[in-house]
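File shown: data.tsv (TSV, C-alpha atoms).
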chain	number	residue	atom	x	y	z
A	1	ASN	CA	0.00	0.00	0.00
A	2	GLN	CA	2.91	2.34	-0.42
A	3	SER	CA	2.54	5.33	-2.77
A	4	LEU	CA	4.85	7.43	-4.87
A	5	THR	CA	3.91	10.88	-6.06
A	6	LEU	CA	5.33	12.15	-9.32
A	7	GLN	CA	5.30	15.86	-10.11
A	8	VAL	CA	4.91	16.72	-13.80
A	9	GLN	CA	5.72	20.25	-14.95
A	10	PHE	CA	4.18	22.05	-17.93
A	11	SER	CA	6.18	25.02	-19.33
A	12	PRO	CA	4.71	26.24	-22.64
A	13	THR	CA	6.86	28.40	-24.88
A	14	THR	CA	4.09	29.31	-27.33
A	15	THR	CA	0.38	29.97	-27.11
A	16	GLY	CA	-2.13	27.26	-27.98
A	17	ALA	CA	-2.95	23.65	-27.05
A	18	THR	CA	-0.32	20.98	-26.71
A	19	SER	CA	-0.32	17.36	-25.52
A	20	GLY	CA	2.09	14.78	-24.26
A	21	GLN	CA	2.31	11.42	-22.62
A	22	LEU	CA	3.77	10.07	-19.43
A	23	THR	CA	4.73	6.40	-19.65
A	24	ILE	CA	5.42	4.52	-16.39
A	25	GLY	CA	7.11	1.16	-16.47
A	26	SER	CA	6.65	-1.17	-13.50
A	27	ASP	CA	7.41	-4.85	-12.76
A	28	PRO	CA	10.44	-5.79	-14.89
A	29	VAL	CA	9.31	-9.40	-14.93
A	30	THR	CA	5.95	-8.77	-16.56
A	31	ASN	CA	7.14	-5.58	-18.30
A	32	ASN	CA	3.90	-3.77	-17.43
A	33	THR	CA	3.57	-0.09	-18.44
A	34	THR	CA	1.04	2.57	-17.59
A	35	THR	CA	0.34	5.56	-19.84
A	36	VAL	CA	-0.95	8.92	-18.66
A	37	LEU	CA	-2.16	11.45	-21.25
A	38	LEU	CA	-0.93	15.00	-20.66
A	39	THR	CA	-2.70	18.07	-22.05
A	40	GLY	CA	-2.31	21.80	-21.56
A	41	SER	CA	-2.61	25.12	-23.33
A	42	GLY	CA	-0.14	28.00	-23.52
A	43	ALA	CA	-1.85	31.30	-22.76
A	44	ILE	CA	-0.81	34.96	-23.01
A	45	THR	CA	0.32	36.43	-19.71
A	46	MET	CA	-2.20	39.08	-18.72
A	47	LEU	CA	-0.18	42.20	-17.93
A	48	PRO	CA	-1.48	45.79	-17.71
A	49	GLN	CA	0.83	48.32	-19.32
A	50	LEU	CA	0.51	52.09	-19.83
A	51	THR	CA	2.43	54.03	-22.49
A	52	LEU	CA	2.66	57.84	-22.62
A	53	SER	CA	2.83	59.78	-25.90
A	54	THR	CA	5.66	62.01	-24.64
A	55	GLY	CA	8.06	62.52	-21.77
A	56	ALA	CA	7.98	66.32	-21.88
A	57	LEU	CA	5.70	69.18	-22.95
A	58	SER	CA	7.11	72.57	-23.96
A	59	PHE	CA	4.57	75.38	-24.33
A	60	GLY	CA	7.08	77.91	-25.66
A	61	SER	CA	6.36	81.63	-25.21
A	62	VAL	CA	2.84	82.48	-24.10
A	63	THR	CA	1.53	86.00	-23.50
A	64	VAL	CA	1.00	86.84	-19.84
A	65	ASN	CA	-2.62	86.42	-18.67
A	66	THR	CA	-3.55	84.20	-21.61
A	67	SER	CA	-3.68	80.40	-21.81
A	68	THR	CA	-2.68	77.63	-24.19
A	69	THR	CA	-3.19	73.87	-24.02
A	70	GLN	CA	-1.33	70.77	-25.18
A	71	THR	CA	-2.32	67.11	-25.03
A	72	VAL	CA	-0.85	63.92	-23.63
A	73	THR	CA	-2.19	60.56	-24.82
A	74	LEU	CA	-2.21	57.60	-22.43
A	75	THR	CA	-2.50	54.25	-24.22
A	76	SER	CA	-3.08	50.77	-22.82
A	77	THR	CA	-0.40	48.70	-24.59
A	78	GLY	CA	-0.52	45.60	-22.39
A	79	THR	CA	-2.55	42.39	-22.55
A	80	ALA	CA	-4.85	43.29	-19.66
A	81	PRO	CA	-6.82	46.43	-18.75
A	82	VAL	CA	-4.81	49.14	-17.02
A	83	THR	CA	-6.30	51.52	-14.45
A	84	VAL	CA	-5.09	55.11	-14.36
A	85	THR	CA	-5.70	56.20	-10.80
A	86	SER	CA	-4.70	59.85	-10.85
A	87	ALA	CA	-2.87	62.63	-12.68
A	88	THR	CA	-1.47	65.45	-10.56
A	89	ILE	CA	0.37	68.58	-11.61
A	90	SER	CA	3.04	70.56	-9.81
A	91	GLY	CA	3.81	74.11	-10.92
A	92	ALA	CA	1.40	76.94	-10.19
A	93	ARG	CA	0.96	78.03	-13.82
A	94	PHE	CA	0.05	74.56	-15.12
A	95	SER	CA	-3.28	72.78	-14.72
A	96	LEU	CA	-5.21	69.75	-15.95
A	97	ALA	CA	-7.85	71.15	-18.30
A	98	VAL	CA	-9.49	67.94	-19.56
A	99	GLY	CA	-9.24	64.38	-18.25
A	100	SER	CA	-11.56	62.47	-15.91
A	101	LEU	CA	-9.88	60.03	-13.52
A	102	PRO	CA	-9.73	57.30	-12.37
A	103	ALA	CA	-10.22	55.50	-15.67
A	104	THR	CA	-9.75	51.89	-16.80
A	105	LEU	CA	-8.43	51.35	-20.33
A	106	GLY	CA	-8.79	48.05	-22.16
A	107	PRO	CA	-5.94	46.88	-24.41
A	108	ASN	CA	-5.31	49.43	-27.21
A	109	GLN	CA	-7.67	51.98	-25.65
A	110	SER	CA	-6.45	55.56	-25.12
A	111	LEU	CA	-7.19	58.52	-22.89
A	112	ILE	CA	-6.29	62.11	-23.79
A	113	LEU	CA	-5.30	64.60	-21.09
A	114	GLN	CA	-5.22	68.33	-21.85
A	115	ILE	CA	-2.64	70.36	-19.96
A	116	GLN	CA	-3.04	74.13	-19.73
A	117	PHE	CA	-0.32	76.74	-19.25
A	118	SER	CA	-1.51	80.15	-17.97
A	119	PRO	CA	1.41	82.46	-17.13
A	120	THR	CA	0.68	85.40	-14.85
A	121	ALA	CA	4.16	86.91	-15.02
A	122	MET	CA	7.01	87.10	-17.50
A	123	GLY	CA	9.78	84.53	-17.29
A	124	ALA	CA	10.37	80.78	-17.41
A	125	ALA	CA	8.05	78.37	-15.62
A	126	ASN	CA	8.45	74.65	-14.95
A	127	GLY	CA	6.21	71.92	-13.62
A	128	GLN	CA	5.53	68.19	-13.71
A	129	LEU	CA	2.62	65.93	-14.56
A	130	THR	CA	2.66	62.75	-12.44
A	131	ILE	CA	0.51	59.81	-13.51
A	132	ILE	CA	-0.30	56.89	-11.17
A	133	SER	CA	-1.56	53.58	-12.57
A	134	ASP	CA	-1.32	49.83	-12.06
A	135	SER	CA	0.95	49.44	-15.09
A	136	SER	CA	3.30	46.47	-14.77
A	137	THR	CA	6.17	48.44	-16.30
A	138	ALA	CA	5.98	51.63	-14.24
A	139	SER	CA	3.22	52.46	-11.80
A	140	THR	CA	4.41	56.08	-11.60
A	141	ALA	CA	5.22	58.09	-14.72
A	142	ALA	CA	6.29	61.74	-14.95
A	143	ILE	CA	6.13	64.30	-17.76
A	144	ALA	CA	8.20	67.49	-17.52
A	145	LEU	CA	6.32	70.74	-18.22
A	146	SER	CA	7.92	74.02	-19.32
A	147	GLY	CA	6.89	77.38	-20.74
A	148	THR	CA	7.74	81.07	-20.72
A	149	GLY	CA	5.51	84.00	-19.86
A	150	ALA	CA	5.94	86.73	-22.48
A	151	ALA	CA	5.00	90.41	-22.52
A	152	ALA	CA	1.72	91.32	-24.16
A	153	PRO	CA	2.08	92.60	-27.73
A	154	SER	CA	2.60	96.36	-27.80
A	155	PRO	CA	2.59	97.87	-31.30
A	156	GLN	CA	4.00	101.41	-31.42
A	157	LEU	CA	4.75	103.79	-34.29
A	158	ALA	CA	7.24	106.66	-34.11
A	159	VAL	CA	7.21	109.50	-36.64
A	160	GLU	CA	10.47	111.28	-37.45
A	161	GLY	CA	9.92	114.97	-36.79
A	162	ALA	CA	6.74	116.87	-36.02
A	163	SER	CA	6.82	119.05	-39.14
A	164	LEU	CA	8.10	119.36	-42.70
A	165	SER	CA	9.14	122.77	-44.04
A	166	PHE	CA	9.39	123.06	-47.84
A	167	GLY	CA	10.53	126.68	-47.80
A	168	ASP	CA	9.99	128.83	-50.92
A	169	VAL	CA	8.97	126.84	-53.99
A	170	ALA	CA	8.30	128.34	-57.40
A	171	VAL	CA	4.67	128.23	-58.50
A	172	ASN	CA	3.86	125.05	-60.48
A	173	SER	CA	7.15	123.49	-59.42
A	174	ALA	CA	7.35	120.48	-57.12
A	175	VAL	CA	9.59	119.69	-54.16
A	176	ILE	CA	9.61	116.29	-52.41
A	177	LYS	CA	10.66	115.65	-48.83
A	178	SER	CA	10.78	112.41	-46.88
A	179	LEU	CA	9.30	111.38	-43.56
A	180	THR	CA	10.28	108.15	-41.77
A	181	LEU	CA	7.87	105.98	-39.76
A	182	THR	CA	9.46	103.40	-37.45
A	183	SER	CA	7.96	100.47	-35.54
A	184	THR	CA	9.28	100.92	-32.00
A	185	GLY	CA	7.03	98.50	-30.09
A	186	SER	CA	7.42	94.85	-29.12
A	187	SER	CA	5.09	93.62	-31.87
A	188	ALA	CA	4.26	94.48	-35.46
A	189	VAL	CA	2.33	97.68	-36.15
A	190	THR	CA	-0.02	98.21	-39.09
A	191	VAL	CA	-0.08	101.56	-40.86
A	192	ASN	CA	-3.55	101.54	-42.36
A	193	ALA	CA	-3.48	104.85	-44.20
A	194	ALA	CA	-1.80	108.22	-44.56
A	195	ASN	CA	-3.90	111.20	-45.65
A	196	VAL	CA	-2.87	114.73	-46.50
A	197	ILE	CA	-4.90	117.88	-45.85
A	198	GLY	CA	-3.96	120.80	-48.07
A	199	THR	CA	-4.45	120.99	-51.87
A	200	ALA	CA	-0.79	121.65	-52.65
A	201	TYR	CA	0.45	118.56	-50.80
A	202	THR	CA	0.35	114.90	-51.90
A	203	ILE	CA	1.92	111.58	-50.86
A	204	VAL	CA	4.05	110.14	-53.65
A	205	ALA	CA	3.66	106.47	-54.71
A	206	GLN	CA	2.78	104.73	-51.47
A	207	SER	CA	0.11	102.05	-51.00
A	208	PHE	CA	-1.51	101.01	-47.72
A	209	PRO	CA	-1.91	99.15	-45.43
A	210	VAL	CA	1.71	98.40	-44.52
A	211	VAL	CA	2.80	96.08	-41.68
A	212	LEU	CA	6.05	97.00	-39.93
A	213	SER	CA	7.79	94.48	-37.69
A	214	PRO	CA	9.65	95.78	-34.62
A	215	THR	CA	12.50	98.15	-35.70
A	216	GLN	CA	11.31	98.22	-39.33
A	217	SER	CA	10.83	101.60	-41.02
A	218	LEU	CA	8.78	103.09	-43.82
A	219	THR	CA	9.76	106.23	-45.70
A	220	LEU	CA	6.94	108.43	-46.96
A	221	GLN	CA	7.58	110.98	-49.67
A	222	VAL	CA	5.49	114.11	-49.47
A	223	GLN	CA	5.29	116.48	-52.44
A	224	PHE	CA	4.59	120.23	-52.32
A	225	LYS	CA	3.48	121.83	-55.60
A	226	PRO	CA	2.03	125.32	-55.16
A	227	THR	CA	-0.23	126.74	-57.87
A	228	ALA	CA	-0.25	130.29	-56.52
A	229	ALA	CA	2.19	132.63	-54.84
A	230	GLU	CA	1.00	132.34	-51.26
A	231	ALA	CA	1.83	130.67	-47.97
A	232	LEU	CA	0.25	127.25	-47.77
A	233	LYS	CA	-0.16	124.96	-44.82
A	234	GLY	CA	-1.13	121.34	-44.72
A	235	GLN	CA	-1.27	118.33	-42.46
A	236	LEU	CA	-0.32	114.67	-42.80

Starting from the coordinates I provided, produce the structure as structure tokens.
Amino acid sequence: NQSLTLQVQFSPTTTGATSGQLTIGSDPVTNNTTTVLLTGSGAITMLPQLTLSTGALSFGSVTVNTSTTQTVTLTSTGTAPVTVTSATISGARFSLAVGSLPATLGPNQSLILQIQFSPTAMGAANGQLTIISDSSTASTAAIALSGTGAAAPSPQLAVEGASLSFGDVAVNSAVIKSLTLTSTGSSAVTVNAANVIGTAYTIVAQSFPVVLSPTQSLTLQVQFKPTAAEALKGQL
């Protein structure tokens, strides 16, 4: 009545069904054998895994007191559902704009988070998005956040000189003088039009509107052509 226990191990290397046989030989005199059928199936290991679309978000220059958003995509790339527990942000000027958590993602499903940068002062800003999940590869993942608060656009136009004097000009003769307009602000300025009051004065060959980037200049040519011998005033 003695017993012997045999332990048989199954270690599949591929998915799918496989079979085998255990043959036990006993009494050498009678040469008896016993056969045991072995069956098993190789299965995929069920592992949750979360993959992030990026490791860093750079918002670049953003005007102070305005906002811009960028997205991060979280994708379930494992063989089992992955649960994203939370997403927290450090850095006072960054916030989570869109993204409801916790969320469970089946294999190949994705979740999009929208991150907002809202600078309140000029200068560089940094933060971090931390994502907690039950991913088998990394339960905690971090994304670096960066951006710069920039001054609000300030278009400004400077006019060279407050007056143009043409002096004495012979009747029915023309004299041309130049006037320079310069963009002196931190953003482009649009010169929509230039009009002259005074019948003897005209602007020579200039079309509008004209957009001047910072430090760019535009030279206007103003012509004076009197038709009578008298003092004439005008205004640009």

Tell me, as a VMD selection string, which residues lie within 7 Å of range 47-64 of chain A, counting all atoms listed in the file; anything in the same chain fewer than 2 positions away does not count. chain A and resid 45 66 72 to 82 119 to 122 134 to 137 143 to 152

To one decimal place, how far is CA of Asn31 in chain A from CA of Phe10 in chain A in Å? 27.8 Å

Of the candidates A:Glu230, A:Ile132, A:Ser186, A:Val222, which shows the shortest atom-to-atom distance to Ala205 in chain A, using only C-alpha atoms? A:Val222

Please report the interatomic distance between CA of Thr83 in chain A and CA of Thr140 in chain A in Å with one decimal.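 CA of Thr140 in chain A lies 12.0 Å from CA of Thr83 in chain A.
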
Neighbouring residues of Thr190 in chain A were defined as those with any atom within 7 Å, considering only C-alpha atoms; residues of the same chain fewer than 2 positions away were excluded. Please report them as a CSV table (one decimal) with C-alpha atoms, keeping the file's coordinate frame.
chain,number,residue,atom,x,y,z
A,188,ALA,CA,4.3,94.5,-35.5
A,192,ASN,CA,-3.6,101.5,-42.4
A,209,PRO,CA,-1.9,99.2,-45.4
A,210,VAL,CA,1.7,98.4,-44.5
A,211,VAL,CA,2.8,96.1,-41.7
A,212,LEU,CA,6.0,97.0,-39.9

Close residues, Ile89 in chain A itself excluded, 9 Å, all atoms listed in the file, min 4 positions apart in chain, as a list in words: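 My reading of the contact set: Phe94, Ser95, Leu96, Gly127, Gln128, Leu129, Thr130 and Ile131 of chain A.
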
Missing atoms in range 109-134 of chain A need filling: write out N, CA, C and O atoms for it as an mmCIF file, in the frame of the given file.
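Below is the file that was written, result_26.cif:
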data_model
loop_
_atom_site.group_PDB
_atom_site.id
_atom_site.type_symbol
_atom_site.label_atom_id
_atom_site.label_comp_id
_atom_site.auth_asym_id
_atom_site.auth_seq_id
_atom_site.Cartn_x
_atom_site.Cartn_y
_atom_site.Cartn_z
ATOM 1 N N GLN A 109 -6.886 50.777 -25.901
ATOM 2 C CA GLN A 109 -7.670 51.980 -25.650
ATOM 3 C C GLN A 109 -6.763 53.138 -25.219
ATOM 4 O O GLN A 109 -5.681 52.919 -24.666
ATOM 5 N N SER A 110 -7.239 54.370 -25.462
ATOM 6 C CA SER A 110 -6.450 55.560 -25.120
ATOM 7 C C SER A 110 -7.277 56.569 -24.355
ATOM 8 O O SER A 110 -8.512 56.578 -24.434
ATOM 9 N N LEU A 111 -6.582 57.408 -23.626
ATOM 10 C CA LEU A 111 -7.190 58.520 -22.890
ATOM 11 C C LEU A 111 -6.352 59.755 -23.151
ATOM 12 O O LEU A 111 -5.118 59.706 -23.060
ATOM 13 N N ILE A 112 -7.014 60.865 -23.502
ATOM 14 C CA ILE A 112 -6.290 62.110 -23.790
ATOM 15 C C ILE A 112 -6.451 63.077 -22.617
ATOM 16 O O ILE A 112 -7.566 63.368 -22.180
ATOM 17 N N LEU A 113 -5.321 63.563 -22.125
ATOM 18 C CA LEU A 113 -5.300 64.600 -21.090
ATOM 19 C C LEU A 113 -4.905 65.918 -21.745
ATOM 20 O O LEU A 113 -4.009 65.952 -22.586
ATOM 21 N N GLN A 114 -5.580 66.994 -21.373
ATOM 22 C CA GLN A 114 -5.220 68.330 -21.850
ATOM 23 C C GLN A 114 -4.594 69.115 -20.709
ATOM 24 O O GLN A 114 -5.205 69.273 -19.648
ATOM 25 N N ILE A 115 -3.390 69.592 -20.960
ATOM 26 C CA ILE A 115 -2.640 70.360 -19.960
ATOM 27 C C ILE A 115 -2.633 71.823 -20.367
ATOM 28 O O ILE A 115 -2.325 72.147 -21.522
ATOM 29 N N GLN A 116 -2.949 72.701 -19.437
ATOM 30 C CA GLN A 116 -3.040 74.130 -19.730
ATOM 31 C C GLN A 116 -1.915 74.898 -19.041
ATOM 32 O O GLN A 116 -1.577 74.633 -17.894
ATOM 33 N N PHE A 117 -1.347 75.851 -19.794
ATOM 34 C CA PHE A 117 -0.320 76.740 -19.250
ATOM 35 C C PHE A 117 -0.869 78.157 -19.283
ATOM 36 O O PHE A 117 -1.255 78.665 -20.336
ATOM 37 N N SER A 118 -0.934 78.801 -18.108
ATOM 38 C CA SER A 118 -1.510 80.150 -17.970
ATOM 39 C C SER A 118 -0.547 81.033 -17.183
ATOM 40 O O SER A 118 -0.691 81.197 -15.966
ATOM 41 N N PRO A 119 0.446 81.624 -17.856
ATOM 42 C CA PRO A 119 1.410 82.460 -17.130
ATOM 43 C C PRO A 119 0.788 83.757 -16.623
ATOM 44 O O PRO A 119 -0.038 84.363 -17.308
ATOM 45 N N THR A 120 1.157 84.138 -15.429
ATOM 46 C CA THR A 120 0.680 85.400 -14.850
ATOM 47 C C THR A 120 1.811 86.423 -14.719
ATOM 48 O O THR A 120 1.576 87.544 -14.295
ATOM 49 N N ALA A 121 3.007 86.003 -15.073
ATOM 50 C CA ALA A 121 4.160 86.910 -15.020
ATOM 51 C C ALA A 121 5.146 86.490 -16.095
ATOM 52 O O ALA A 121 5.128 85.346 -16.568
ATOM 53 N N MET A 122 6.006 87.403 -16.492
ATOM 54 C CA MET A 122 7.010 87.100 -17.500
ATOM 55 C C MET A 122 8.105 86.209 -16.896
ATOM 56 O O MET A 122 8.386 86.275 -15.701
ATOM 57 N N GLY A 123 8.692 85.384 -17.739
ATOM 58 C CA GLY A 123 9.780 84.530 -17.290
ATOM 59 C C GLY A 123 9.462 83.050 -17.448
ATOM 60 O O GLY A 123 8.337 82.660 -17.749
ATOM 61 N N ALA A 124 10.499 82.230 -17.243
ATOM 62 C CA ALA A 124 10.370 80.780 -17.410
ATOM 63 C C ALA A 124 9.569 80.162 -16.283
ATOM 64 O O ALA A 124 9.616 80.621 -15.135
ATOM 65 N N ALA A 125 8.826 79.114 -16.618
ATOM 66 C CA ALA A 125 8.050 78.370 -15.620
ATOM 67 C C ALA A 125 8.219 76.877 -15.897
ATOM 68 O O ALA A 125 8.293 76.443 -17.055
ATOM 69 N N ASN A 126 8.286 76.090 -14.827
ATOM 70 C CA ASN A 126 8.450 74.650 -14.950
ATOM 71 C C ASN A 126 7.469 73.928 -14.041
ATOM 72 O O ASN A 126 7.054 74.457 -13.002
ATOM 73 N N GLY A 127 7.114 72.730 -14.424
ATOM 74 C CA GLY A 127 6.210 71.920 -13.620
ATOM 75 C C GLY A 127 6.356 70.464 -13.984
ATOM 76 O O GLY A 127 7.236 70.080 -14.768
ATOM 77 N N GLN A 128 5.478 69.629 -13.423
ATOM 78 C CA GLN A 128 5.530 68.190 -13.710
ATOM 79 C C GLN A 128 4.146 67.576 -13.619
ATOM 80 O O GLN A 128 3.362 67.901 -12.728
ATOM 81 N N LEU A 129 3.842 66.717 -14.579
ATOM 82 C CA LEU A 129 2.620 65.930 -14.560
ATOM 83 C C LEU A 129 2.995 64.525 -14.092
ATOM 84 O O LEU A 129 3.836 63.865 -14.707
ATOM 85 N N THR A 130 2.380 64.078 -12.991
ATOM 86 C CA THR A 130 2.660 62.750 -12.440
ATOM 87 C C THR A 130 1.421 61.871 -12.598
ATOM 88 O O THR A 130 0.331 62.251 -12.166
ATOM 89 N N ILE A 131 1.613 60.717 -13.219
ATOM 90 C CA ILE A 131 0.510 59.810 -13.510
ATOM 91 C C ILE A 131 0.710 58.513 -12.722
ATOM 92 O O ILE A 131 1.773 57.882 -12.799
ATOM 93 N N ILE A 132 -0.323 58.125 -11.968
ATOM 94 C CA ILE A 132 -0.300 56.890 -11.170
ATOM 95 C C ILE A 132 -1.232 55.872 -11.810
ATOM 96 O O ILE A 132 -2.383 56.195 -12.131
ATOM 97 N N SER A 133 -0.748 54.643 -11.987
ATOM 98 C CA SER A 133 -1.560 53.580 -12.570
ATOM 99 C C SER A 133 -1.105 52.232 -12.008
ATOM 100 O O SER A 133 -0.174 52.167 -11.193
ATOM 101 N N ASP A 134 -1.759 51.163 -12.466
ATOM 102 C CA ASP A 134 -1.320 49.830 -12.060
ATOM 103 C C ASP A 134 -0.525 49.162 -13.170
ATOM 104 O O ASP A 134 -0.490 47.929 -13.280
#
